[in-house]
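K.L.:
Just data_39.txt, nothing more (compact mmCIF, C-alpha atoms and all ligand atoms):
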# COMPACT_ATOMS: atom_id res chain seq x y z
CA TRP A 1 125.55 78.85 93.06
CA ARG A 2 122.40 80.58 94.41
CA GLU A 3 122.48 84.34 95.00
CA LYS A 4 123.00 85.05 98.69
CA GLY A 5 119.70 85.21 100.53
CA ALA A 6 117.82 84.38 97.38
CA ALA A 7 114.40 82.94 97.98
CA VAL A 8 113.99 79.40 96.77
CA SER A 9 111.22 76.90 96.53
CA THR A 10 111.85 73.25 97.27
CA ARG A 11 110.31 70.42 95.34
CA GLN A 12 109.98 66.80 96.42
CA GLY A 13 111.75 64.45 94.05
CA THR A 14 113.40 61.04 94.08
CA ASP A 15 116.93 60.13 93.03
CA ALA A 16 117.89 57.28 90.73
CA SER A 17 117.48 54.73 93.48
CA GLY A 18 114.02 56.05 94.36
CA GLN A 19 115.23 57.79 97.52
CA PRO A 20 113.25 61.01 98.27
CA VAL A 21 115.34 64.09 97.59
CA GLN A 22 114.79 67.80 98.18
CA ARG A 23 115.77 69.94 95.19
CA THR A 24 115.97 73.68 95.75
CA ILE A 25 114.92 75.64 92.70
CA LYS A 26 115.29 79.37 92.28
CA LYS A 27 112.07 80.90 90.99
CA GLY A 28 112.35 82.86 87.79
CA VAL A 29 110.31 84.75 85.23
CA LYS A 30 109.32 81.56 83.45
CA ASP A 31 107.59 80.28 86.59
CA PHE A 32 104.89 82.93 86.22
CA ASN A 33 102.17 83.90 83.78
CA PHE A 34 102.14 87.70 83.75
CA GLY A 35 98.78 89.47 83.52
CA ARG A 36 97.45 93.03 83.70
CA THR A 37 99.42 96.05 84.80
CA LEU A 38 98.36 97.03 88.33
CA GLY A 39 100.26 100.30 88.34
CA GLU A 40 103.41 102.20 87.53
CA GLY A 41 105.99 103.76 89.83
CA SER A 42 108.84 106.12 88.99
CA TYR A 43 111.19 103.16 88.66
CA SER A 44 108.84 100.23 88.51
CA THR A 45 105.92 98.50 86.87
CA VAL A 46 103.69 96.28 88.97
CA LEU A 47 101.99 93.40 87.17
CA ALA A 48 99.50 90.79 88.31
CA ALA A 49 101.00 87.32 87.85
CA THR A 50 100.08 83.69 88.46
CA ASP A 51 102.55 81.08 89.69
CA ARG A 52 102.32 78.33 87.10
CA GLN A 53 102.92 75.63 89.69
CA ASN A 54 100.51 76.53 92.51
CA LEU A 55 98.25 78.88 90.49
CA LYS A 56 98.55 81.45 93.27
CA GLU A 57 98.15 85.09 92.24
CA TYR A 58 100.84 87.65 93.10
CA ALA A 59 101.80 91.23 92.34
CA ILE A 60 105.23 91.32 90.72
CA LYS A 61 107.11 94.60 90.86
CA VAL A 62 109.53 94.82 87.96
CA LEU A 63 112.40 97.29 87.96
CA ASP A 64 114.66 98.06 85.02
CA LYS A 65 118.28 97.60 86.11
CA ARG A 66 119.70 100.29 83.86
CA HIS A 67 117.13 102.81 85.09
CA ILE A 68 117.76 101.89 88.74
CA ILE A 69 121.49 102.37 88.30
CA LYS A 70 121.18 105.57 86.26
CA GLU A 71 118.80 107.09 88.84
CA LYS A 72 121.05 105.95 91.71
CA LYS A 73 118.24 103.95 93.32
CA VAL A 74 120.22 100.77 93.99
CA LYS A 75 120.29 101.56 97.73
CA TYR A 76 116.50 101.99 97.86
CA VAL A 77 115.83 98.74 96.05
CA ASN A 78 118.08 96.81 98.41
CA ILE A 79 116.56 98.57 101.46
CA GLU A 80 113.09 97.60 100.23
CA ARG A 81 114.20 94.00 99.86
CA ASP A 82 116.01 93.86 103.20
CA THR A 83 113.11 95.54 105.02
CA LEU A 84 110.44 93.30 103.49
CA ASN A 85 112.58 90.26 104.32
CA ARG A 86 112.37 91.32 107.97
CA LEU A 87 108.61 91.92 108.00
CA THR A 88 107.40 88.48 107.01
CA ASP A 89 104.73 87.54 109.52
CA HIS A 90 102.10 90.23 109.84
CA PRO A 91 98.82 90.35 107.88
CA GLY A 92 99.01 94.16 107.54
CA ILE A 93 102.33 94.25 105.67
CA VAL A 94 102.66 93.34 101.99
CA ARG A 95 104.54 90.02 102.04
CA LEU A 96 107.65 89.53 99.85
CA TYR A 97 107.84 85.91 98.66
CA TYR A 98 110.77 85.95 96.24
CA THR A 99 113.21 88.26 94.58
CA PHE A 100 115.04 87.32 91.42
CA GLN A 101 116.58 89.01 88.44
CA ASP A 102 117.36 88.43 84.79
CA GLU A 103 119.79 90.31 82.60
CA ARG A 104 117.43 93.28 82.28
CA SER A 105 115.23 93.50 85.35
CA LEU A 106 114.80 92.94 89.06
CA TYR A 107 111.65 91.25 90.33
CA PHE A 108 109.82 91.48 93.69
CA VAL A 109 107.12 88.81 94.05
CA LEU A 110 104.61 90.31 96.49
CA ASP A 111 101.15 89.77 97.98
CA LEU A 112 98.53 90.92 95.49
CA ALA A 113 96.53 93.78 97.00
CA SER A 114 93.60 93.76 94.59
CA GLY A 115 91.57 96.36 96.52
CA GLY A 116 93.84 99.20 95.38
CA GLU A 117 94.99 102.11 97.55
CA LEU A 118 93.18 103.40 100.64
CA LEU A 119 93.58 106.85 99.10
CA GLY A 120 91.46 105.84 96.11
CA VAL A 121 88.64 104.55 98.30
CA LEU A 122 88.81 107.65 100.50
CA LYS A 123 88.62 109.97 97.49
CA LYS A 124 85.62 108.09 96.11
CA LEU A 125 83.71 108.30 99.40
CA GLY A 126 84.96 111.74 100.47
CA SER A 127 85.43 110.60 104.07
CA PHE A 128 84.84 107.55 106.28
CA ASP A 129 82.28 107.19 109.04
CA ILE A 130 83.62 106.59 112.55
CA GLU A 131 83.18 102.78 112.35
CA CYS A 132 85.18 102.45 109.12
CA THR A 133 87.78 104.91 110.39
CA ARG A 134 88.18 102.86 113.57
CA PHE A 135 88.66 99.62 111.63
CA TYR A 136 91.24 100.99 109.18
CA ALA A 137 93.05 103.05 111.81
CA ALA A 138 93.30 99.95 114.04
CA GLN A 139 94.77 97.81 111.23
CA ILE A 140 97.25 100.53 110.27
CA LEU A 141 98.27 101.03 113.93
CA ASP A 142 98.67 97.27 114.47
CA SER A 143 100.94 97.12 111.39
CA ILE A 144 103.01 100.11 112.60
CA ALA A 145 103.43 98.43 116.01
CA TYR A 146 104.68 95.28 114.29
CA MET A 147 107.21 97.01 112.04
CA HIS A 148 108.51 99.06 114.99
CA SER A 149 108.90 95.83 117.00
CA LYS A 150 111.13 94.60 114.18
CA GLY A 151 113.24 97.78 114.29
CA VAL A 152 111.78 99.25 111.09
CA ILE A 153 110.56 102.85 110.68
CA HIS A 154 108.46 103.27 107.51
CA ARG A 155 109.04 107.07 107.17
CA ASP A 156 106.57 107.57 104.32
CA LEU A 157 103.22 106.38 105.65
CA LYS A 158 100.31 107.89 103.74
CA PRO A 159 96.99 106.67 102.29
CA GLU A 160 98.66 105.89 98.93
CA ASN A 161 100.95 103.40 100.69
CA VAL A 162 98.10 101.67 102.51
CA LEU A 163 96.88 99.10 100.00
CA LEU A 164 93.81 96.92 100.39
CA ASP A 165 93.56 93.20 99.70
CA ARG A 166 90.56 91.38 98.23
CA ASP A 167 88.86 91.37 101.67
CA MET A 168 89.46 95.10 101.95
CA HIS A 169 91.98 94.54 104.75
CA VAL A 170 95.09 96.73 105.04
CA LYS A 171 98.40 95.85 103.34
CA ILE A 172 101.10 98.45 103.94
CA THR A 173 103.66 98.81 101.15
CA ASP A 174 106.55 100.97 99.88
CA PHE A 175 109.45 100.24 102.20
CA GLY A 176 112.18 101.54 99.90
CA THR A 177 112.59 104.62 102.09
CA ALA A 178 112.26 102.81 105.40
CA LYS A 179 114.93 102.99 108.08
CA ILE A 180 116.19 99.79 109.67
CA LEU A 181 117.37 100.49 113.23
CA ASN A 182 120.57 98.75 114.31
CA THR A 183 119.52 96.03 116.66
CA GLU A 184 122.87 95.99 118.44
CA VAL A 185 122.96 98.58 121.20
CA LYS A 186 126.01 100.89 121.25
CA PRO A 187 128.04 101.09 124.49
CA ASN A 188 126.34 104.39 125.31
CA GLY A 189 122.97 102.66 124.99
CA THR A 190 121.77 104.34 121.81
CA SER A 191 120.99 102.60 118.55
CA ASN A 192 121.42 104.41 115.24
CA ALA A 193 120.54 104.27 111.56
CA SER A 194 122.04 101.36 109.74
CA ASN A 195 121.27 102.53 106.24
CA GLY A 196 123.31 105.67 106.32
CA ASP A 197 120.75 108.39 105.90
CA THR A 198 121.22 109.99 109.30
CA PRO A 199 124.68 111.28 110.14
CA GLY A 200 125.21 109.13 113.26
CA ASP A 201 127.90 109.78 115.86
CA PRO A 202 131.50 109.48 114.51
CA THR A 203 131.86 105.93 115.88
CA ASP A 204 129.24 104.93 113.28
CA GLY A 205 131.79 104.94 110.52
CA PHE A 206 130.06 104.67 107.14
CA GLU A 207 126.71 106.32 108.10
CA SER A 208 128.19 109.64 109.06
CA ASP A 209 129.90 110.23 105.73
CA ARG A 210 126.86 109.34 103.60
CA ALA A 211 124.74 112.45 103.93
CA VAL A 212 121.82 111.03 101.93
CA SER A 213 118.78 112.83 103.22
CA PHE A 214 115.28 111.56 102.71
CA VAL A 215 112.08 113.47 103.30
CA GLY A 216 108.71 111.75 102.88
CA THR A 217 105.60 113.20 101.28
CA ALA A 218 105.07 116.81 102.31
CA GLU A 219 101.63 116.50 103.93
CA TYR A 220 102.71 113.65 106.24
CA VAL A 221 106.28 114.66 107.09
CA SER A 222 106.99 115.02 110.81
CA PRO A 223 108.38 118.26 112.29
CA GLU A 224 111.54 116.50 113.56
CA LEU A 225 112.35 115.29 110.05
CA LEU A 226 111.99 118.87 108.78
CA ARG A 227 113.90 120.39 111.70
CA ASP A 228 116.80 118.00 112.26
CA LYS A 229 116.43 115.52 109.36
CA ASN A 230 116.08 112.77 111.92
CA ALA A 231 113.19 110.32 111.83
CA CYS A 232 112.32 108.13 114.75
CA LYS A 233 109.58 105.61 115.45
CA SER A 234 107.21 108.35 116.59
CA SER A 235 107.61 110.00 113.17
CA ASP A 236 105.38 107.17 111.93
CA LEU A 237 102.91 108.03 114.71
CA TRP A 238 102.81 111.64 113.48
CA ALA A 239 101.91 110.30 110.01
CA PHE A 240 99.34 108.01 111.63
CA GLY A 241 97.78 111.10 113.27
CA CYS A 242 97.60 112.81 109.87
CA ILE A 243 95.97 109.73 108.30
CA LEU A 244 93.45 109.42 111.16
CA PHE A 245 92.51 113.09 110.70
CA GLN A 246 92.20 112.64 106.93
CA LEU A 247 89.96 109.55 107.09
CA ILE A 248 87.40 111.57 109.05
CA ALA A 249 87.90 115.06 107.56
CA GLY A 250 88.46 113.90 103.97
CA ARG A 251 91.61 116.05 103.79
CA PRO A 252 95.02 115.92 105.52
CA PRO A 253 95.52 118.39 108.41
CA PHE A 254 98.49 120.18 106.82
CA LYS A 255 97.92 121.14 103.21
CA ALA A 256 98.99 124.38 101.55
CA ALA A 257 99.51 125.73 98.03
CA ASN A 258 103.07 124.36 97.89
CA GLU A 259 105.46 122.15 99.87
CA TYR A 260 107.26 125.06 101.51
CA LEU A 261 104.01 126.50 102.91
CA THR A 262 102.92 123.02 103.98
CA PHE A 263 106.21 122.63 105.88
CA GLN A 264 105.60 126.00 107.56
CA LYS A 265 102.18 124.82 108.75
CA ILE A 266 103.66 121.61 110.13
CA LEU A 267 106.45 123.37 112.00
CA GLY A 268 103.93 125.86 113.38
CA LEU A 269 101.36 123.16 114.12
CA GLU A 270 98.84 125.19 112.12
CA TYR A 271 95.78 123.02 111.53
CA SER A 272 92.13 123.08 112.51
CA PHE A 273 89.34 120.55 112.82
CA PRO A 274 86.28 120.86 110.59
CA ASP A 275 82.90 121.33 112.33
CA GLY A 276 81.44 118.04 113.41
CA PHE A 277 84.79 116.29 113.84
CA PRO A 278 83.99 113.74 116.58
CA GLU A 279 85.36 114.82 119.99
CA VAL A 280 86.85 111.38 120.83
CA ALA A 281 88.79 111.32 117.54
CA ARG A 282 89.87 114.92 118.00
CA ASP A 283 91.32 114.10 121.41
CA LEU A 284 93.43 111.29 119.93
CA VAL A 285 94.62 113.39 116.96
CA GLU A 286 95.65 116.16 119.38
CA ARG A 287 97.81 113.67 121.31
CA LEU A 288 99.56 112.54 118.09
CA LEU A 289 100.08 115.83 116.25
CA VAL A 290 102.52 117.05 118.90
CA LEU A 291 105.72 118.82 117.79
CA GLU A 292 107.95 117.09 120.36
CA PRO A 293 108.23 113.39 119.25
CA ALA A 294 108.75 112.18 122.83
CA ASN A 295 105.42 113.72 123.88
CA ARG A 296 103.34 111.84 121.29
CA LEU A 297 101.12 109.05 122.59
CA PRO A 298 103.02 105.74 122.33
CA VAL A 299 101.38 102.82 120.50
CA GLU A 300 100.15 100.95 123.57
CA HIS A 301 98.44 104.11 124.88
CA ILE A 302 96.85 104.70 121.48
CA ARG A 303 95.36 101.21 121.53
CA ASN A 304 93.80 102.01 124.93
CA HIS A 305 92.46 105.40 123.87
CA ARG A 306 88.67 105.86 124.09
CA PHE A 307 88.56 106.25 120.28
CA PHE A 308 89.37 102.54 119.97
CA GLU A 309 86.86 101.47 122.63
CA GLY A 310 85.33 98.21 121.46
CA SER A 311 88.01 97.58 118.83
CA GLN A 312 89.45 94.10 118.68
CA TRP A 313 93.25 93.76 118.59
CA GLY A 314 95.49 90.80 117.77
CA LYS A 315 94.09 88.02 115.60
CA GLY A 316 90.49 89.19 116.05
CA LEU A 317 91.29 92.48 114.32
CA TRP A 318 92.44 90.60 111.21
CA ARG A 319 89.75 87.93 111.21
CA GLN A 320 86.76 90.23 111.31
CA LYS A 321 84.99 91.29 108.13
CA ALA A 322 85.92 94.78 106.91
CA PRO A 323 82.99 97.17 107.51
CA ARG A 324 81.13 98.08 104.33
CA LEU A 325 82.54 101.39 103.12
CA LYS A 326 79.61 103.73 102.61
N1 LIG A 401 101.36 94.51 96.05
C1 LIG A 401 100.63 95.27 95.21
N2 LIG A 401 99.41 94.85 94.81
C2 LIG A 401 98.66 95.62 93.99
N3 LIG A 401 99.05 96.81 93.50
C3 LIG A 401 100.26 97.27 93.86
C4 LIG A 401 101.11 96.52 94.73
N4 LIG A 401 102.27 97.22 94.91
C5 LIG A 401 102.13 98.36 94.21
N5 LIG A 401 100.94 98.39 93.57
C6 LIG A 401 100.46 99.50 92.74
O1 LIG A 401 101.38 99.72 91.67
C7 LIG A 401 101.68 101.10 91.54
C8 LIG A 401 103.18 101.30 91.58
O2 LIG A 401 103.63 100.93 92.84
P1 LIG A 401 105.20 101.04 93.17
O3 LIG A 401 105.38 100.71 94.60
O4 LIG A 401 105.97 100.28 92.17
O5 LIG A 401 105.54 102.55 92.86
P2 LIG A 401 105.09 103.75 93.80
O6 LIG A 401 105.78 103.59 95.12
O7 LIG A 401 103.62 103.86 93.80
O8 LIG A 401 105.65 104.98 93.02
P3 LIG A 401 107.05 105.65 93.37
O9 LIG A 401 108.08 104.57 93.15
O10 LIG A 401 107.11 106.77 92.40
O11 LIG A 401 106.93 106.07 94.81
C9 LIG A 401 100.97 101.84 92.66
O12 LIG A 401 99.88 102.52 92.13
C10 LIG A 401 100.49 100.78 93.58
O13 LIG A 401 99.19 101.10 94.01
O1 LIG A 402 118.63 88.24 94.63
C1 LIG A 402 118.61 89.01 95.60
O2 LIG A 402 117.72 89.09 96.43
C2 LIG A 402 119.73 90.02 95.74
C3 LIG A 402 119.72 91.01 94.57
C4 LIG A 402 120.71 92.14 94.91
C5 LIG A 402 120.75 93.09 93.76
N1 LIG A 402 121.27 92.81 92.55
C6 LIG A 402 121.12 93.96 91.83
C7 LIG A 402 121.49 94.30 90.53
C8 LIG A 402 121.19 95.59 90.09
CL1 LIG A 402 121.62 96.04 88.49
C9 LIG A 402 120.53 96.53 90.86
C10 LIG A 402 120.18 96.18 92.15
CL2 LIG A 402 119.36 97.29 93.12
C11 LIG A 402 120.46 94.90 92.64
N2 LIG A 402 120.22 94.32 93.83
C12 LIG A 402 118.33 91.52 94.34
C13 LIG A 402 117.60 90.93 93.31
C14 LIG A 402 116.30 91.35 93.06
C15 LIG A 402 115.75 92.36 93.84
CL3 LIG A 402 114.13 92.90 93.51
C16 LIG A 402 116.45 92.96 94.88
C17 LIG A 402 117.77 92.54 95.13
Show me this structure written as structure tokens.
Ligand SMILES: Nc1ncnc2c1ncn2[C@@H]1O[C@H](COP(=O)(O)OP(=O)(O)OP(=O)(O)O)[C@@H](O)[C@H]1O
Ligand SMILES: O=C(O)C[C@H](Cc1nc2cc(Cl)cc(Cl)c2[nH]1)c1ccc(Cl)cc1
P.N.:
Amino acid sequence: WREKGAAVSTRQGTDASGQPVQRTIKKGVKDFNFGRTLGEGSYSTVLAATDRQNLKEYAIKVLDKRHIIKEKKVKYVNIERDTLNRLTDHPGIVRLYYTFQDERSLYFVLDLASGGELLGVLKKLGSFDIECTRFYAAQILDSIAYMHSKGVIHRDLKPENVLLDRDMHVKITDFGTAKILNTEVKPNGTSNASNGDTPGDPTDGFESDRAVSFVGTAEYVSPELLRDKNACKSSDLWAFGCILFQLIAGRPPFKAANEYLTFQKILGLEYSFPDGFPEVARDLVERLLVLEPANRLPVEHIRNHRFFEGSQWGKGLWRQKAPRLK
């Protein structure tokens, strides 16, 4: 009688004879007081909301069913839900608490990231100093490492999708275009897309006949995605390299008058560092913005790069106060 995989809350109760009993209750719209609009997406409205029971504040993303169906976005909504349900225990990923629906809408109950988007802060300041860059780059990298460990490739990492919570710590969002890698390993040792956007080998069955192609945001798209429409984990590291460059330079490395020209620059690795770009950061960017995905620095080597000298990792990274953005 509950939707499959639906999130529930349990409430202590007692039955007629006074015996303690656990009742599972599906959360619904009436369990929340909805507040201000936090933002609008193409298919969604995000509202601040308070749980009437525990008074906790959330961001609730509301999607109109008719619109989702008309725009053929059902797959993306379910990928976002399935992906977020896999990424439940990392401080750098927006947490999904519940999903539910009513006759008109779908609802994602998410962590409230009240600090807005990293892009907004970056635009206001122009660029970050090396200390702030190190802190935010470390939190983003730690979050990427976690999602990769869970077999998830984000595929659209960019400063707009890096939200900030009330302590100005990172909360990565927007997993509707993520790719969930099959955990089971095929006999020939490879794993492949499980959400049908990459034509896998014929033994894949349904993936290969669903030629849905997805390309992220032009400035952060990796060369392999442009060349052979295939994203891999190191595609997220390419995007990470672009974000690292942008935090310091105040602009992304590949930006042209239109998407086509931007793609040309990416494929030709045409970018240059502004004067004064710190040498240690430049060295790391140059090891990430590499055309061949296999030659990009892997996560563990990035953590040990001189640029992150002195950075804390693990719990310490998430306990420390965010540096004042100046
Ligand atoms: N958990 C959250 N906390 C606070 N604000 C959020 C949260 N999630 C999204 N927002 C804000 O709400 C707005 C809409 O976000 P949403 O993810 O619904 O659409 P989008 O991905 O930004 O747009 P599109 O769907 O066109 O890509 C964005 O500006 C985002 O900054
Ligand atoms: O309750 C669940 O978790 C499973 C459902 C699955 C689901 N039911 C849907 C109905 C419609 Cl009309 C559209 C989509 Cl994308 C739908 N996805 C669901 C509900 C809400 C949300 Cl946000 C996502 C998925």
K.L.:
Which residues, written as a PDB file with C-alpha atoms, in the coordinates of the input, have at least one atom at most 10 Å from Ser105 in chain A, with only C-alpha atoms counted and residues fewer than 6 positions away on the same chain left out?
P.N.:
ATOM      1  CA  SER A  44     108.840 100.230  88.510  1.00  0.00           C
ATOM      2  CA  LYS A  61     107.110  94.600  90.860  1.00  0.00           C
ATOM      3  CA  VAL A  62     109.530  94.820  87.960  1.00  0.00           C
ATOM      4  CA  LEU A  63     112.400  97.290  87.960  1.00  0.00           C
ATOM      5  CA  ASP A  64     114.660  98.060  85.020  1.00  0.00           C
ATOM      6  CA  LYS A  65     118.280  97.600  86.110  1.00  0.00           C
ATOM      7  CA  ARG A  66     119.700 100.290  83.860  1.00  0.00           C
ATOM      8  CA  HIS A  67     117.130 102.810  85.090  1.00  0.00           C
ATOM      9  CA  ILE A  68     117.760 101.890  88.740  1.00  0.00           C
TER      10      ILE A  68
END
K.L.:
Excluding same-chain residues fewer than 3 positions from Tyr271 in chain A, what lies within 12 Å of it counting only C-alpha atoms, as a VMD selection string?
P.N.:
chain A and resid 219 242 245 to 246 249 251 to 256 262 to 268 274 282 285 to 286 289 to 290
K.L.:
Residues within 12 Å of ligand LIG 402 (chain A), counting all atoms listed in the file: report them as a PDB file with C-alpha atoms, keeping the file's coordinate frame.
P.N.:
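This went into out14.pdb:
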ATOM      1  CA  TRP A   1     125.550  78.850  93.060  1.00  0.00           C
ATOM      2  CA  ARG A   2     122.400  80.580  94.410  1.00  0.00           C
ATOM      3  CA  GLU A   3     122.480  84.340  95.000  1.00  0.00           C
ATOM      4  CA  LYS A   4     123.000  85.050  98.690  1.00  0.00           C
ATOM      5  CA  GLY A   5     119.700  85.210 100.530  1.00  0.00           C
ATOM      6  CA  ALA A   6     117.820  84.380  97.380  1.00  0.00           C
ATOM      7  CA  ALA A   7     114.400  82.940  97.980  1.00  0.00           C
ATOM      8  CA  VAL A   8     113.990  79.400  96.770  1.00  0.00           C
ATOM      9  CA  LYS A  26     115.290  79.370  92.280  1.00  0.00           C
ATOM     10  CA  LYS A  27     112.070  80.900  90.990  1.00  0.00           C
ATOM     11  CA  GLY A  28     112.350  82.860  87.790  1.00  0.00           C
ATOM     12  CA  VAL A  29     110.310  84.750  85.230  1.00  0.00           C
ATOM     13  CA  TYR A  43     111.190 103.160  88.660  1.00  0.00           C
ATOM     14  CA  SER A  44     108.840 100.230  88.510  1.00  0.00           C
ATOM     15  CA  THR A  45     105.920  98.500  86.870  1.00  0.00           C
ATOM     16  CA  VAL A  46     103.690  96.280  88.970  1.00  0.00           C
ATOM     17  CA  ILE A  60     105.230  91.320  90.720  1.00  0.00           C
ATOM     18  CA  LYS A  61     107.110  94.600  90.860  1.00  0.00           C
ATOM     19  CA  VAL A  62     109.530  94.820  87.960  1.00  0.00           C
ATOM     20  CA  LEU A  63     112.400  97.290  87.960  1.00  0.00           C
ATOM     21  CA  ASP A  64     114.660  98.060  85.020  1.00  0.00           C
ATOM     22  CA  LYS A  65     118.280  97.600  86.110  1.00  0.00           C
ATOM     23  CA  ARG A  66     119.700 100.290  83.860  1.00  0.00           C
ATOM     24  CA  HIS A  67     117.130 102.810  85.090  1.00  0.00           C
ATOM     25  CA  ILE A  68     117.760 101.890  88.740  1.00  0.00           C
ATOM     26  CA  ILE A  69     121.490 102.370  88.300  1.00  0.00           C
ATOM     27  CA  LYS A  70     121.180 105.570  86.260  1.00  0.00           C
ATOM     28  CA  GLU A  71     118.800 107.090  88.840  1.00  0.00           C
ATOM     29  CA  LYS A  72     121.050 105.950  91.710  1.00  0.00           C
ATOM     30  CA  LYS A  73     118.240 103.950  93.320  1.00  0.00           C
ATOM     31  CA  VAL A  74     120.220 100.770  93.990  1.00  0.00           C
ATOM     32  CA  LYS A  75     120.290 101.560  97.730  1.00  0.00           C
ATOM     33  CA  TYR A  76     116.500 101.990  97.860  1.00  0.00           C
ATOM     34  CA  VAL A  77     115.830  98.740  96.050  1.00  0.00           C
ATOM     35  CA  ASN A  78     118.080  96.810  98.410  1.00  0.00           C
ATOM     36  CA  ILE A  79     116.560  98.570 101.460  1.00  0.00           C
ATOM     37  CA  GLU A  80     113.090  97.600 100.230  1.00  0.00           C
ATOM     38  CA  ARG A  81     114.200  94.000  99.860  1.00  0.00           C
ATOM     39  CA  ASP A  82     116.010  93.860 103.200  1.00  0.00           C
ATOM     40  CA  THR A  83     113.110  95.540 105.020  1.00  0.00           C
ATOM     41  CA  LEU A  84     110.440  93.300 103.490  1.00  0.00           C
ATOM     42  CA  ASN A  85     112.580  90.260 104.320  1.00  0.00           C
ATOM     43  CA  LEU A  96     107.650  89.530  99.850  1.00  0.00           C
ATOM     44  CA  TYR A  97     107.840  85.910  98.660  1.00  0.00           C
ATOM     45  CA  TYR A  98     110.770  85.950  96.240  1.00  0.00           C
ATOM     46  CA  THR A  99     113.210  88.260  94.580  1.00  0.00           C
ATOM     47  CA  PHE A 100     115.040  87.320  91.420  1.00  0.00           C
ATOM     48  CA  GLN A 101     116.580  89.010  88.440  1.00  0.00           C
ATOM     49  CA  ASP A 102     117.360  88.430  84.790  1.00  0.00           C
ATOM     50  CA  GLU A 103     119.790  90.310  82.600  1.00  0.00           C
ATOM     51  CA  ARG A 104     117.430  93.280  82.280  1.00  0.00           C
ATOM     52  CA  SER A 105     115.230  93.500  85.350  1.00  0.00           C
ATOM     53  CA  LEU A 106     114.800  92.940  89.060  1.00  0.00           C
ATOM     54  CA  TYR A 107     111.650  91.250  90.330  1.00  0.00           C
ATOM     55  CA  PHE A 108     109.820  91.480  93.690  1.00  0.00           C
ATOM     56  CA  VAL A 109     107.120  88.810  94.050  1.00  0.00           C
ATOM     57  CA  LEU A 110     104.610  90.310  96.490  1.00  0.00           C
ATOM     58  CA  GLY A 176     112.180 101.540  99.900  1.00  0.00           C
TER      59      GLY A 176
END
K.L.:
Using all atoms listed in the file, which protein or nucleic acid residues are at most 7 Å from ligand LIG 401 (chain A), as an MDAnalysis selection string?
P.N.:
chainID A and resid 38:46 59 61 94 110:114 116:117 160 163 173:174
K.L.:
Using all atoms listed in the file, find the one residue out of A:Lys158, A:Ile248, A:Pro91, A:Phe214 that sits nearest to Phe273 in chain A.
P.N.:
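Checking each candidate against Phe273 in chain A, we get A:Ile248 as the closest.
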K.L.:
Can you list, as a ChimeraX atom specification, every protein, DNA or RNA residue that comes within 12 Å of Phe135 in chain A when you count only C-alpha atoms, leaving out same-chain residues fewer than 4 positions away?
P.N.:
/A:128-131,139-142,168-170,244,247,307-313,316-325
K.L.:
Which is closer to Phe240 in chain A than all the others in A:Ile153, A:Leu291, A:Leu181, A:Ala137, using all atoms listed in the file?
P.N.:
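Result for the nearest residue to Phe240 in chain A: A:Ala137.
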K.L.:
Return as AutoDock Vina command-line options the box centre and box size in Å, one decimal, for an axis-aligned box around all listed atoms of range 169-173 of chain A padded by 5 Å per side.
P.N.:
--center_x 97.8 --center_y 96.7 --center_z 103.1 --size_x 21.7 --size_y 14.3 --size_z 13.9
K.L.:
Can you tell me how far CA of Ser149 in chain A sits from CA of Leu288 in chain A, in Å to one decimal?
P.N.:
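One can read the CA of Ser149 in chain A to CA of Leu288 in chain A distance as 19.2 Å.
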K.L.:
Using all atoms listed in the file, which residue out of A:Leu122, A:Leu87, A:Pro293, A:Arg166 lies closest to Lys150 in chain A?
P.N.:
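Of A:Leu122, A:Leu87, A:Pro293, A:Arg166, the one nearest Lys150 in chain A, counting all atoms listed in the file, is A:Leu87.
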K.L.:
Return range 77-85 of chain A, completed with N, CA and C atoms, as an mmCIF file, in the frame of the given file.
P.N.:
data_model
loop_
_atom_site.group_PDB
_atom_site.id
_atom_site.type_symbol
_atom_site.label_atom_id
_atom_site.label_comp_id
_atom_site.auth_asym_id
_atom_site.auth_seq_id
_atom_site.Cartn_x
_atom_site.Cartn_y
_atom_site.Cartn_z
ATOM 1 N N VAL A 77 116.359 100.061 96.423
ATOM 2 C CA VAL A 77 115.830 98.740 96.050
ATOM 3 C C VAL A 77 116.287 97.707 97.074
ATOM 4 N N ASN A 78 117.559 97.802 97.457
ATOM 5 C CA ASN A 78 118.080 96.810 98.410
ATOM 6 C C ASN A 78 117.514 97.035 99.811
ATOM 7 N N ILE A 79 117.214 98.304 100.159
ATOM 8 C CA ILE A 79 116.560 98.570 101.460
ATOM 9 C C ILE A 79 115.147 97.979 101.435
ATOM 10 N N GLU A 80 114.445 98.145 100.310
ATOM 11 C CA GLU A 80 113.090 97.600 100.230
ATOM 12 C C GLU A 80 113.138 96.081 100.404
ATOM 13 N N ARG A 81 114.091 95.455 99.755
ATOM 14 C CA ARG A 81 114.200 94.000 99.860
ATOM 15 C C ARG A 81 114.558 93.586 101.277
ATOM 16 N N ASP A 82 115.578 94.240 101.848
ATOM 17 C CA ASP A 82 116.010 93.860 103.200
ATOM 18 C C ASP A 82 114.914 94.110 104.228
ATOM 19 N N THR A 83 114.178 95.218 104.057
ATOM 20 C CA THR A 83 113.110 95.540 105.020
ATOM 21 C C THR A 83 111.986 94.524 104.906
ATOM 22 N N LEU A 84 111.541 94.258 103.672
ATOM 23 C CA LEU A 84 110.440 93.300 103.490
ATOM 24 C C LEU A 84 110.836 91.903 103.961
ATOM 25 N N ASN A 85 112.138 91.579 103.842
ATOM 26 C CA ASN A 85 112.580 90.260 104.320
ATOM 27 C C ASN A 85 112.548 90.166 105.844
#
